[in-house]
Protein chains: 8
Amino acid sequence: MRSVDDVFHLAIPVHDLDTAFGFYVQGLGCHLARRYDDRITLDFFGDQLVCHLSERIDVDPALYPRHFGVTFRRRDDFDAVLALAGARELTFFQPCQSRFEGRVEEHLTFVLKDPSNNLIEFKHYHDPRMMH
Amino acid sequence: MRSVDDVFHLAIPVHDLDTAFGFYVQGLGCHLARRYDDRITLDFFGDQLVCHLSERIDVDPALYPRHFGVTFRRRDDFDAVLALAGARELTFFQPCQSRFEGRVEEHLTFVLKDPSNNLIEFKHYHDPRMMH
Amino acid sequence: MRSVDDVFHLAIPVHDLDTAFGFYVQGLGCHLARRYDDRITLDFFGDQLVCHLSERIDVDPALYPRHFGVTFRRRDDFDAVLALAGARELTFFQPCQSRFEGRVEEHLTFVLKDPSNNLIEFKHYHDPRMMH
Amino acid sequence: MRSVDDVFHLAIPVHDLDTAFGFYVQGLGCHLARRYDDRITLDFFGDQLVCHLSERIDVDPALYPRHFGVTFRRRDDFDAVLALAGARELTFFQPCQSRFEGRVEEHLTFVLKDPSNNLIEFKHYHDPRMMH
Amino acid sequence: MRSVDDVFHLAIPVHDLDTAFGFYVQGLGCHLARRYDDRITLDFFGDQLVCHLSERIDVDPALYPRHFGVTFRRRDDFDAVLALAGARELTFFQPCQSRFEGRVEEHLTFVLKDPSNNLIEFKHYHDPRMMH
Amino acid sequence: MRSVDDVFHLAIPVHDLDTAFGFYVQGLGCHLARRYDDRITLDFFGDQLVCHLSERIDVDPALYPRHFGVTFRRRDDFDAVLALAGARELTFFQPCQSRFEGRVEEHLTFVLKDPSNNLIEFKHYHDPRMMH
Amino acid sequence: MRSVDDVFHLAIPVHDLDTAFGFYVQGLGCHLARRYDDRITLDFFGDQLVCHLSERIDVDPALYPRHFGVTFRRRDDFDAVLALAGARELTFFQPCQSRFEGRVEEHLTFVLKDPSNNLIEFKHYHDPRMMH
Amino acid sequence: MRSVDDVFHLAIPVHDLDTAFGFYVQGLGCHLARRYDDRITLDFFGDQLVCHLSERIDVDPALYPRHFGVTFRRRDDFDAVLALAGARELTFFQPCQSRFEGRVEEHLTFVLKDPSNNLIEFKHYHDPRMMH
């Protein structure tokens with residue numbers, strides 16, 4: 001179990017702050033914390049995501065070795081984000097599927113792609129002890 | 001405030017699993033959750049860090065636009081990790097310093113570099129409302 | 001003690017959404033949750049504040065009978081918002097002062113004014129049982 | 001997620017303290033914290049509501065731009081307050097209805113009117129991430 | 001550690017509801033939850049106290065075998081109630097004193113008397129494991 | 001919501017410590033915290049119950065004005081204690097029944113009698129906001 | 001209810017650190033905290049288990065008087081560990097069974113045996129107040 | 001961080017139930033949950049300790065490989081148990097000392113011996129991340 005007080009923070013490159021705002025706030029429902037000329041900072045599911053204006057955009061994104069996201073403890077929360085992504089027509093890099101079926105590590109997963117080709121994976125494990 | 005139940009997860013490239021284990025578990029004090037042939041998964045300060053064996057290592061790492069880490073609510077927790085990093089002689093990419101002094105966003109920060117050139121930043125804000 | 005799950009919500013009139021954004025997000029450090037043509041919704045210290053575009057602006061604001069704000073349990077959190085308001089030069093309607101001195105209800109209080117003349121009061125009681 | 005320690009506080013005008021007590025305590029089930037000659041303070045669903053004796057009563061109340069209330073995380077809590085309002089014959093300004101159907105922001109809502117024409121809205125969102 | 005969800009409830013006799021209200025709400029700072037013809041119910045430090053109109057008043061109250069109250073985990077909370085009782089001139093049955101000094105069970109204690117001769121004891125143990 | 005740190009404490013008379021131990025610990029499943037010559041102290045559903053050896057036993061107990069007990073937030077917890085009282089053949093002063101049916105204050109209640117005629121009431125309200 | 005901050009710790013003998021790692025981490029899903037030449041330390045369901053290299057192995061293990069394990073509050077968590085133990089073919093010392101049926105103490109239980117003959121019992125009580 | 005709902009349980013041999021009660025309840029301040037002919041069950045710092053009547057008593061106890069105890073997050077709690085053990089003259093197997101000084105794993109530790117030669121170690125780490 002993690003602390004409610006501390007936050008994980010992740011910095012990622014984006015090619016444009018307005019489209020990043022559109023995707024993460026207007027789309028994915030994250031909250032905008034701060035806006036600067038060269039970056040925006042977000043409350044991303046309780047943690048901090050910083051979108052830096054950058055030219056180092058991944059032109060041909062692959063799921064490995066770099067992606068990030070949230071693993072939900074409850075199926076309801078996973079389903080709600082999946083429904084939101086569908087209703088608001090966010091771009092799926094990978095549709096919802098089951099992985100490692102029949103093994104203890106079995107989980108549901110889908111992957112979104114933001115306008116700067118960053119990949120965001122949402123997961124839900126059948127056995128919550130596998131979340132790490 | 002984030003949920004205690006859900007976890008953030010981040011996948012990063014490493015060139016070797018044993019040195020990743022050495023840095024994150026024996027060094028930084030994270031807990032090993034699972035070990036596979038091509039990756040290890042860690043309980044990284046309560047969240048999940050997955051180290052994937054990869055050839056896409058950053059040879060010339062820069063703090064922007066990609067890094068990750070933890071922002072501590074309490075100064076004590078920040079100081080403890082800083083002391084640990086010193087005592088166990090982890091590699092500093094950037095020593096501890098104060099940033100944005102005199103502004104509301106003022107915070108302490110130091111950056112470690114793992115054996116695969118991933119950069120890990122630890123922060124502590126004077127005003128906890130700036131953590132996002 | 002209130003629930004962490006439910007939120008209080010308050011709708012207020014503003015004459016302009018951009019200046020409301022400037023005051024509440026860039027100034028007071030609240031997070032922007034959603035933006036529509038006629039309103040913005042904010043995560044205001046954990047509760048929801050909705051700023052509706054309206055012509056019913058209070059031209060001569062008085063502290064009674066209408067104002068809203070946050071009562072902090074800890075002195076540190078009160079002081080941090082007071083410092084932020086000073087550093088970012090937000091408009092004070094009433095400077096920080098002590099009220100009901102010598103009585104059990106004694107508390108510190110200061111009042112800010114947003115660009116649409118809404119009054120926001122921050123309080124800290126010596127005896128936390130007086131917070132209601 | 002909001003803090004359990006801090007409270008939101010809201011001051012509203014009422015034309016008479018006894019009828020305010022009747023509506024909020026005997027009716028809506030809030031708790032009376034303090035009673036003064038010119039105001040009563042209430043524990044309103046965990047937050048503080050202060051009813052100030054005032055002549056600035058809204059004679060022709062409209063839902064916009066001013067109202068306040070609680071957004072419940074759980075449907076059960078929303079239903080319980082709706083049932084209470086019916087059983088105790090509180091005045092509805094707007095009956096229970098669904099708003100923004102088919103969109104992510106979809107929520108249930110009903111609005112009560114207190115004896116001084118203040119409007120209190122109770123909401124429940126299908127997707128809890130829309131609560132702000 | 002006790003549950004935050006459940007409440008202890010205690011019914012006690014009082015000879016008059018108004019003086020009970022005066023002592024517990026206006027004096028001790030408890031919140032009035034409900035008022036009936038024959039009783040009032042109170043949020044007494046988070047638990048429920050019901051004051052029943054009764055003729056079975058204790059004319060010669062003694063601390064044993066019947067009294068009730070709150071044991072505070074933190075010294076600050078104990079001190080705050082002691083200060084409140086002094087400032088509002090509540091009736092002390094027993095002034096603040098230390099009991100069992102030098103033993104593990106050592107604690108601070110003072111006892112108030114309500115207008116119907118019920119005795120309320122507040123305690124603070126040096127070793128919190130002795131609270132039961 | 002009450003604090004998890006503080007405890008309510010109640011002192012009651014018992015005519016014999018061993019039968020009190022038998023009823024509260026071996027019967028009702030409370031935990032014995034301390035045993036002295038003249039009293040035992042118990043962890044009673046998280047709060048402190050002190051049974052004092054006394055001759056002031058109530059020979060003809062009535063539910064009003066004196067009784068105590070626990071109000072459970074969840075129906076399951078209420079049912080579990082009811083089942084335990086049946087299985088271990090504790091003495092019922094009043095069987096399980098519904099009170100105030102059709103009103104917001106509706107609740108389930110049953111009352112046990114300890115060997116010294118103290119009455120313990122367990123309750124469960126349909127609307128948890130009525131617990132106080 | 002126990003504290004989230006403190007941890008129980010238990011030291012046990014193992015004949016080999018690698019097989020202990022295999023059983024507790026790769027098998028039971030515990031997290032490796034530290035590895036030394038003569039012991040490994042584990043995050044065992046939130047508590048600390050230390051496996052010491054030792055020659056004092058129990059050659060003929062019996063459930064009494066020595067065993068340890070976890071009592072789960074929720075049936076789901078019990079079932080998940082039972083399923084994991086089956087899927088990963090851990091050694092059962094005792095299959096899942098019900099004990100004390102018809103009594104308040106009724107609970108489900110199964111016992112695993114680690115490669116050094118330590119016995120680990122997992123339990124789930126119908127009445128959570130029997131967990132101690 | 002461990003769960004507040006689940007409990008660790010440990011079964012240990014004792015040669016006599018009354019002296020076990022004397023040590024753990026009257027001495028160490030644990031709470032007695034249940035008493036049977038062949039065992040007593042205890043609330044041991046929030047977890048379950050079961051003392052089984054047994055002839056398999058360790059006549060020559062050594063700290064390795066078998067002992068158990070509590071690691072406290074806060075120094076105050078460690079000090080309080082140390083003070084209690086001194087005041088009530090419990091038997092120390094090892095006095096309070098510092099271990100691994102100058103290393104990140106540095107901690108305070110003392111070891112008690114119960115009347116059946118079971119060893120109980122209490123610890124406090126300078127860096128709380130070392131508690132596992």
# chains A, B, ... in the order shown; residues from 1 in each chain; ligands from 1
call {"tool": "calpha_fit_and_write", "arguments": {"fixed": "chain H", "moving": "chain F", "output": "tab-separated table (two decimals) with C-alpha atoms, in the first residue's frame"}}
result
chain	number	residue	atom	x	y	z
F	1	MET	CA	2.28	-0.31	4.72
F	2	ARG	CA	0.21	-3.16	6.03
F	3	SER	CA	-3.58	-3.49	6.12
F	4	VAL	CA	-5.49	-2.41	9.22
F	5	ASP	CA	-8.05	-5.11	8.61
F	6	ASP	CA	-6.01	-8.29	8.40
F	7	VAL	CA	-3.94	-9.60	11.29
F	8	PHE	CA	-0.74	-11.57	11.51
F	9	HIS	CA	-1.08	-14.58	13.78
F	10	LEU	CA	1.61	-16.53	15.55
F	11	ALA	CA	1.31	-19.67	17.64
F	12	ILE	CA	3.94	-20.29	20.33
F	13	PRO	CA	4.43	-22.91	23.04
F	14	VAL	CA	3.99	-22.06	26.73
F	15	HIS	CA	4.37	-24.38	29.69
F	16	ASP	CA	1.61	-22.73	31.73
F	17	LEU	CA	-1.33	-20.54	30.77
F	18	ASP	CA	-1.47	-18.50	33.98
F	19	THR	CA	2.13	-17.37	33.81
F	20	ALA	CA	1.64	-16.61	30.11
F	21	PHE	CA	-1.36	-14.48	31.07
F	22	GLY	CA	0.71	-12.81	33.78
F	23	PHE	CA	3.51	-11.95	31.38
F	24	TYR	CA	1.57	-10.89	28.31
F	25	VAL	CA	-1.52	-9.25	29.84
F	26	GLN	CA	-0.60	-8.06	33.33
F	27	GLY	CA	2.98	-7.39	32.25
F	28	LEU	CA	3.31	-6.41	28.62
F	29	GLY	CA	-0.17	-4.86	28.47
F	30	CYS	CA	-1.59	-7.08	25.73
F	31	HIS	CA	-5.31	-7.82	25.78
F	32	LEU	CA	-6.79	-11.25	26.42
F	33	ALA	CA	-9.16	-12.19	23.62
F	34	ARG	CA	-10.11	-15.78	24.50
F	35	ARG	CA	-9.24	-18.44	27.09
F	36	TYR	CA	-9.52	-22.17	26.47
F	37	ASP	CA	-8.25	-25.16	28.46
F	38	ASP	CA	-5.23	-25.59	26.22
F	39	ARG	CA	-4.50	-22.07	25.02
F	40	ILE	CA	-5.10	-18.37	25.36
F	41	THR	CA	-5.40	-15.99	22.44
F	42	LEU	CA	-4.13	-12.43	22.71
F	43	ASP	CA	-4.42	-9.11	20.93
F	44	PHE	CA	-0.65	-8.54	20.76
F	45	PHE	CA	-0.07	-4.98	19.53
F	46	GLY	CA	-2.97	-5.45	17.11
F	47	ASP	CA	-1.97	-8.89	15.85
F	48	GLN	CA	-2.94	-12.30	17.22
F	49	LEU	CA	-0.65	-14.29	19.50
F	50	VAL	CA	-1.82	-17.75	20.53
F	51	CYS	CA	-0.10	-19.36	23.52
F	52	HIS	CA	-0.51	-23.14	23.32
F	53	LEU	CA	0.05	-25.32	26.36
F	54	SER	CA	2.94	-27.48	25.22
F	55	GLU	CA	5.89	-29.51	26.41
F	56	ARG	CA	8.07	-28.33	23.55
F	57	ILE	CA	9.60	-25.48	25.52
F	58	ASP	CA	12.97	-24.15	24.43
F	59	VAL	CA	15.26	-24.80	27.41
F	60	ASP	CA	18.21	-22.87	26.04
F	61	PRO	CA	16.74	-20.02	24.00
F	62	ALA	CA	18.85	-18.22	21.41
F	63	LEU	CA	17.89	-15.13	19.43
F	64	TYR	CA	18.48	-16.96	16.14
F	65	PRO	CA	16.77	-18.36	14.28
F	66	ARG	CA	13.48	-17.92	16.19
F	67	HIS	CA	12.06	-14.79	17.73
F	68	PHE	CA	9.23	-12.38	17.08
F	69	GLY	CA	8.13	-8.89	18.00
F	70	VAL	CA	7.13	-5.46	16.84
F	71	THR	CA	9.01	-2.83	14.87
F	72	PHE	CA	7.71	0.60	15.80
F	73	ARG	CA	7.48	3.42	13.31
F	74	ARG	CA	7.76	6.07	15.99
F	75	ARG	CA	10.51	6.33	18.57
F	76	ASP	CA	7.96	7.29	21.24
F	77	ASP	CA	6.18	3.98	20.97
F	78	PHE	CA	9.46	2.07	21.23
F	79	ASP	CA	10.45	4.09	24.31
F	80	ALA	CA	7.07	3.54	25.95
F	81	VAL	CA	7.36	-0.26	25.74
F	82	LEU	CA	10.94	-0.10	26.97
F	83	ALA	CA	9.82	2.00	29.94
F	84	LEU	CA	6.92	-0.37	30.64
F	85	ALA	CA	9.24	-3.40	30.59
F	86	GLY	CA	11.51	-1.68	33.08
F	87	ALA	CA	8.76	-0.43	35.38
F	88	ARG	CA	7.07	-3.81	35.53
F	89	GLU	CA	10.36	-5.68	35.81
F	90	LEU	CA	9.90	-7.96	32.85
F	91	THR	CA	12.89	-10.22	32.06
F	92	PHE	CA	15.32	-8.80	29.52
F	93	PHE	CA	17.16	-11.31	27.36
F	94	GLN	CA	19.12	-8.46	25.80
F	95	PRO	CA	19.18	-4.83	26.97
F	96	CYS	CA	18.43	-1.91	24.69
F	97	GLN	CA	21.24	-1.32	22.23
F	98	SER	CA	21.95	0.15	18.82
F	99	ARG	CA	22.68	-2.23	15.96
F	100	PHE	CA	24.34	-1.65	12.57
F	101	GLU	CA	25.43	1.85	13.63
F	102	GLY	CA	26.41	4.11	10.78
F	103	ARG	CA	24.60	1.98	8.26
F	104	VAL	CA	21.20	2.65	6.74
F	105	GLU	CA	19.86	-0.40	8.60
F	106	GLU	CA	20.73	1.14	12.00
F	107	HIS	CA	18.12	0.43	14.64
F	108	LEU	CA	17.44	0.26	18.35
F	109	THR	CA	16.56	-3.12	19.76
F	110	PHE	CA	15.84	-4.89	23.02
F	111	VAL	CA	14.71	-8.43	23.67
F	112	LEU	CA	12.40	-9.75	26.37
F	113	LYS	CA	12.03	-13.36	27.48
F	114	ASP	CA	8.63	-14.70	28.47
F	115	PRO	CA	8.25	-17.31	31.26
F	116	SER	CA	8.36	-20.10	28.63
F	117	ASN	CA	11.59	-18.81	27.10
F	118	ASN	CA	10.04	-17.30	24.01
F	119	LEU	CA	12.02	-14.25	22.87
F	120	ILE	CA	10.27	-11.03	21.93
F	121	GLU	CA	12.26	-8.34	20.15
F	122	PHE	CA	11.20	-4.70	19.85
F	123	LYS	CA	12.88	-2.55	17.23
F	124	HIS	CA	12.95	1.00	15.94
F	125	TYR	CA	14.74	1.91	12.71
F	126	HIS	CA	16.12	5.39	12.06
F	127	ASP	CA	15.05	5.05	8.42
F	128	PRO	CA	11.49	3.71	8.36
F	129	ARG	CA	12.00	2.27	4.89
F	130	MET	CA	14.22	-0.38	6.51
F	131	MET	CA	11.37	-1.77	8.62
F	132	HIS	CA	11.02	-4.74	6.28
call {"tool": "select_by_dssp", "arguments": {"residues": "range 12-60 of chain C", "states": "strand (DSSP E)", "output": "PyMOL selection string"}}
result
chain C and resi 12-14+31-35+39-44+47-53
call {"tool": "select_by_dssp", "arguments": {"residues": "range 72-128 of chain B", "states": "alpha helix (DSSP H)", "output": "list in words"}}
result
Arg75, Asp76, Asp77, Phe78, Asp79, Ala80, Val81, Leu82, Ala83, Leu84, Ala85, Gly86 and Ala87 of chain B
